[in-house]
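Just structure-v4.csv here, CSV, C-alpha atoms:
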```csv
chain,number,residue,atom,x,y,z
E,1353,MET,CA,203.5,-18.6,82.4
E,1354,LYS,CA,202.4,-15.0,82.8
E,1355,PRO,CA,204.8,-14.3,85.8
E,1356,LEU,CA,207.7,-15.7,83.7
E,1357,LEU,CA,206.8,-13.6,80.7
E,1358,ALA,CA,206.5,-10.5,82.9
E,1359,PHE,CA,209.9,-11.2,84.5
E,1360,LEU,CA,211.6,-11.6,81.0
E,1361,ILE,CA,210.0,-8.4,79.7
E,1362,THR,CA,211.2,-6.5,82.8
E,1363,LEU,CA,214.7,-8.0,82.5
E,1364,GLY,CA,214.9,-7.2,78.8
E,1365,THR,CA,213.8,-3.6,79.5
E,1366,ALA,CA,216.4,-3.2,82.2
E,1367,VAL,CA,219.2,-4.6,80.0
E,1368,MET,CA,218.2,-2.2,77.2
E,1369,LEU,CA,218.0,0.8,79.4
E,1370,THR,CA,221.4,0.0,80.9
E,1371,ARG,CA,223.0,-0.5,77.5
E,1372,PHE,CA,221.6,2.6,75.9
E,1373,SER,CA,221.6,5.0,78.8
E,1374,THR,CA,224.0,7.9,78.8
E,1375,PRO,CA,227.5,6.7,79.6
E,1376,ARG,CA,229.0,7.7,82.9
E,1377,VAL,CA,231.2,10.8,82.5
E,1378,VAL,CA,234.6,10.5,84.1
E,1379,ARG,CA,236.3,13.9,84.9
E,1380,ALA,CA,239.9,14.5,85.5
E,1381,GLN,CA,240.8,16.3,88.8
E,1382,ASP,CA,240.0,20.0,88.7
E,1383,THR,CA,242.9,22.3,88.0
E,1384,CYS,CA,244.0,24.7,90.7
E,1385,THR,CA,244.9,28.4,90.8
E,1386,SER,CA,245.9,30.8,93.6
E,1387,ALA,CA,242.2,31.1,94.3
E,1388,SER,CA,242.1,27.4,95.3
E,1389,LEU,CA,244.0,28.4,98.5
E,1390,ARG,CA,241.7,30.9,100.1
E,1391,GLY,CA,240.4,31.6,103.6
E,1392,GLY,CA,241.4,30.3,107.0
E,1393,TYR,CA,243.2,26.9,107.6
E,1394,GLY,CA,244.0,25.3,111.0
E,1395,TYR,CA,247.1,23.1,111.0
E,1396,THR,CA,249.6,21.0,112.7
E,1397,PHE,CA,253.2,20.2,111.8
E,1398,THR,CA,255.6,17.6,113.3
E,1399,GLY,CA,259.2,16.6,112.6
E,1400,ALA,CA,262.8,17.4,113.3
E,1401,THR,CA,265.6,19.6,112.0
E,1402,VAL,CA,269.4,19.3,112.1
E,1403,ASP,CA,269.4,21.4,115.4
E,1404,VAL,CA,266.1,20.2,116.9
E,1405,ALA,CA,265.3,16.6,117.7
E,1406,SER,CA,261.6,17.1,118.2
E,1407,TYR,CA,259.5,19.8,116.5
E,1408,ALA,CA,255.7,20.4,116.7
E,1409,ALA,CA,253.5,23.3,115.8
E,1410,ALA,CA,249.8,24.2,115.7
E,1411,GLY,CA,248.4,27.3,114.2
E,1412,ARG,CA,246.2,29.1,111.8
E,1413,LEU,CA,247.1,30.4,108.3
E,1414,VAL,CA,244.9,32.8,106.2
E,1415,ALA,CA,245.4,32.9,102.4
E,1416,ASP,CA,243.9,35.7,100.3
E,1417,GLY,CA,243.3,33.6,97.1
E,1418,GLN,CA,245.7,35.9,95.3
E,1419,GLY,CA,249.1,34.7,96.5
E,1420,LYS,CA,249.5,36.4,99.9
E,1421,LEU,CA,249.2,34.8,103.3
E,1422,TYR,CA,249.7,35.4,107.0
E,1423,GLY,CA,249.4,33.3,110.2
E,1424,ALA,CA,250.3,32.6,113.8
E,1425,GLU,CA,251.3,29.5,115.6
E,1426,THR,CA,252.6,28.0,118.8
E,1427,GLU,CA,255.6,25.8,118.2
E,1428,SER,CA,257.6,23.4,120.4
E,1429,LEU,CA,261.3,23.0,119.8
E,1430,ASP,CA,262.5,20.2,122.0
E,1431,GLY,CA,259.9,21.3,124.6
E,1432,ASP,CA,260.7,25.0,124.5
E,1433,ILE,CA,257.6,26.9,123.5
E,1434,PHE,CA,257.5,29.9,121.1
E,1435,GLN,CA,254.8,32.1,119.6
E,1436,ARG,CA,255.5,32.7,115.9
E,1437,ASN,CA,253.7,35.2,113.6
E,1438,TYR,CA,254.5,35.3,109.8
E,1439,THR,CA,253.5,36.8,106.5
E,1440,GLY,CA,254.4,35.4,103.1
E,1441,THR,CA,253.5,34.6,99.5
E,1442,TYR,CA,252.5,31.5,97.7
E,1443,VAL,CA,252.2,30.1,94.1
E,1444,VAL,CA,249.7,27.4,93.1
E,1445,ASN,CA,250.4,25.4,89.9
E,1446,ALA,CA,247.6,24.0,87.7
E,1447,ASP,CA,248.3,20.5,89.0
E,1448,CYS,CA,247.4,21.7,92.5
E,1449,THR,CA,251.0,21.6,93.8
E,1450,GLY,CA,252.7,24.8,95.0
E,1451,SER,CA,255.2,26.6,97.1
E,1452,GLU,CA,255.1,29.2,99.9
E,1453,TYR,CA,257.7,31.5,101.3
E,1454,THR,CA,257.2,33.1,104.8
E,1455,ASN,CA,259.1,35.5,107.0
E,1456,ASP,CA,258.4,35.5,110.7
E,1457,ASN,CA,258.8,37.7,113.8
E,1458,TYR,CA,262.2,36.1,114.5
E,1459,GLY,CA,263.6,37.0,111.1
E,1460,THR,CA,263.5,33.5,109.8
E,1461,THR,CA,262.5,32.7,106.2
E,1462,THR,CA,260.8,29.4,105.5
E,1463,ARG,CA,260.0,27.6,102.3
E,1464,CYS,CA,257.3,24.9,102.0
E,1465,ASP,CA,256.0,22.8,99.2
E,1466,PHE,CA,252.4,21.6,99.2
E,1467,VAL,CA,249.6,19.9,97.4
E,1468,ILE,CA,245.9,21.0,97.6
E,1469,VAL,CA,243.6,18.0,98.0
E,1470,ALA,CA,239.9,17.3,98.7
E,1471,GLY,CA,238.7,20.2,96.6
E,1472,GLY,CA,240.7,22.7,98.6
E,1473,ARG,CA,239.5,21.5,102.0
E,1474,GLU,CA,242.9,20.2,102.9
E,1475,VAL,CA,246.5,21.0,102.1
E,1476,GLN,CA,249.4,18.6,102.6
E,1477,VAL,CA,252.7,20.3,103.3
E,1478,ILE,CA,256.5,19.6,103.6
E,1479,GLU,CA,259.0,22.1,104.7
E,1480,ALA,CA,261.5,22.4,101.8
E,1481,ASP,CA,264.5,24.0,103.6
E,1482,ALA,CA,267.7,21.9,103.8
E,1483,GLY,CA,268.2,20.2,107.2
E,1484,THR,CA,264.5,19.8,107.9
E,1485,VAL,CA,262.1,16.8,108.1
E,1486,ILE,CA,258.9,18.6,108.9
E,1487,VAL,CA,255.5,17.7,107.5
E,1488,GLY,CA,252.0,19.0,108.2
E,1489,ARG,CA,248.4,19.1,107.2
E,1490,LEU,CA,246.1,22.2,106.8
E,1491,LYS,CA,242.3,21.9,107.1
E,1492,HIS,CA,240.0,24.6,105.8
E,1493,GLN,CA,238.0,26.2,108.6
```
The structure in this file should be written as structure tokens.
Amino acid sequence: MKPLLAFLITLGTAVMLTRFSTPRVVRAQDTCTSASLRGGYGYTFTGATVDVASYAAAGRLVADGQGKLYGAETESLDGDIFQRNYTGTYVVNADCTGSEYTNDNYGTTTRCDFVIVAGGREVQVIEADAGTVIVGRLKHQ
């Protein structure tokens, strides 16, 4: 009888502690600012454009946390290899989406839209220029 009584007391105590313990706090995703995009990111992009059937790039982007960035990449356009350097600006919205605008050493201006995920450790990107289907992922270094 004593083991049963001990079990029932333990079970009752566990139920009471569970019921009256502090409720679990659920937080919404943190909001983002320009500072959410800061430091070095390694990346890859793949896709196509109206003029290029096969596009791929790998590079490094550095964001200053205040809306400015620069970077360098190697890109393949249908198998032709190019080195590209760029500078630009970016805007981050409170919902962690944003846009960036870059100018490169070939005189090309590019616009991309992005979303910051995983607490800023990763950024998912799509080029937002007409005639392109290029997506990529940046990972914080």
Local residues around (270.5, 21.6, 106.4), at most 8 Å away, using all atoms listed in the file, as a VMD selection string = chain E and resid 1401 to 1402 1481 to 1484
Distance of CA of Ala1405 (chain E) from CA of Thr1439 (chain E), expressed in Å to one decimal place |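 For CA of Thr1439 (chain E) relative to CA of Ala1405 (chain E), the distance reads 25.9 Å.
Counting all atoms listed in the file and comparing E:Glu1427, E:Asp1416, E:Glu1452, E:Asp1447, the residue that lies closest to Gly1392 (chain E) is E:Asp1416.
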Tell me which of E:Ile1433, E:Val1485, E:Val1404, E:Val1467 sits closest to Asn1445 (chain E), counting only C-alpha atoms.
->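 Between E:Ile1433, E:Val1485, E:Val1404, E:Val1467, the residue approaching Asn1445 (chain E) most closely is E:Val1467.
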Could you work out how far CA of Thr1462 (chain E) lies from CA of Gly1394 (chain E), giving the answer in Å with one decimal?
->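 Going from CA of Gly1394 (chain E) over to CA of Thr1462 (chain E) covers 18.1 Å.
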Test item: which residues lie within 6 Å of (251.8, 32.9, 112.8) counting only C-alpha atoms, as a PyMOL selection string | chain E and resi 1423-1425+1436-1438
Can you list, as a count of residues only, every protein, DNA or RNA residue that comes within 7 Å of Phe1466 (chain E) when you count all atoms listed in the file, leaving out same-chain residues fewer than 4 positions away?
-> 7
Pick from E:Tyr1393, E:Tyr1422, E:Lys1491, E:Thr1454: nearest to Glu1479 (chain E), with only C-alpha atoms counted?
-> E:Thr1454
Go through E:Gly1391, E:Thr1398, E:Ser1386, E:Cys1448 one by one, measure the shortest atom-to-atom distance of each to Gly1419 (chain E) using only C-alpha atoms, and give the residue with the smallest value.
-> E:Ser1386
As a PDB file with C-alpha atoms, keeping the file's coordinate frame, please: the residues near Ser1428 (chain E) (cut-off 12 Å, only C-alpha atoms, same-chain neighbours under 2 positions excluded).
```pdb
ATOM      1  CA  THR E1396     249.600  21.000 112.700  1.00  0.00           C
ATOM      2  CA  PHE E1397     253.200  20.200 111.800  1.00  0.00           C
ATOM      3  CA  THR E1398     255.600  17.600 113.300  1.00  0.00           C
ATOM      4  CA  GLY E1399     259.200  16.600 112.600  1.00  0.00           C
ATOM      5  CA  ALA E1400     262.800  17.400 113.300  1.00  0.00           C
ATOM      6  CA  VAL E1404     266.100  20.200 116.900  1.00  0.00           C
ATOM      7  CA  ALA E1405     265.300  16.600 117.700  1.00  0.00           C
ATOM      8  CA  SER E1406     261.600  17.100 118.200  1.00  0.00           C
ATOM      9  CA  TYR E1407     259.500  19.800 116.500  1.00  0.00           C
ATOM     10  CA  ALA E1408     255.700  20.400 116.700  1.00  0.00           C
ATOM     11  CA  ALA E1409     253.500  23.300 115.800  1.00  0.00           C
ATOM     12  CA  ALA E1410     249.800  24.200 115.700  1.00  0.00           C
ATOM     13  CA  GLY E1411     248.400  27.300 114.200  1.00  0.00           C
ATOM     14  CA  GLU E1425     251.300  29.500 115.600  1.00  0.00           C
ATOM     15  CA  THR E1426     252.600  28.000 118.800  1.00  0.00           C
ATOM     16  CA  ASP E1430     262.500  20.200 122.000  1.00  0.00           C
ATOM     17  CA  GLY E1431     259.900  21.300 124.600  1.00  0.00           C
ATOM     18  CA  ASP E1432     260.700  25.000 124.500  1.00  0.00           C
ATOM     19  CA  ILE E1433     257.600  26.900 123.500  1.00  0.00           C
ATOM     20  CA  PHE E1434     257.500  29.900 121.100  1.00  0.00           C
ATOM     21  CA  GLN E1435     254.800  32.100 119.600  1.00  0.00           C
ATOM     22  CA  ARG E1436     255.500  32.700 115.900  1.00  0.00           C
TER      23      ARG E1436
END
```
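Between CA of Asn1455 (chain E) and CA of Leu1413 (chain E) the separation is 13.1 Å.
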From E:Asp1456, E:Asp1465, E:Asp1382, E:Asp1403, residue lying nearest Leu1429 (chain E) [only C-alpha atoms] | E:Asp1403
So which one's closest to Glu1474 (chain E), E:Gln1418, E:Thr1441, E:Thr1461, E:Ser1388? Using all atoms listed in the file, please.
->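 Closest residue, counting all atoms listed in the file: E:Ser1388.
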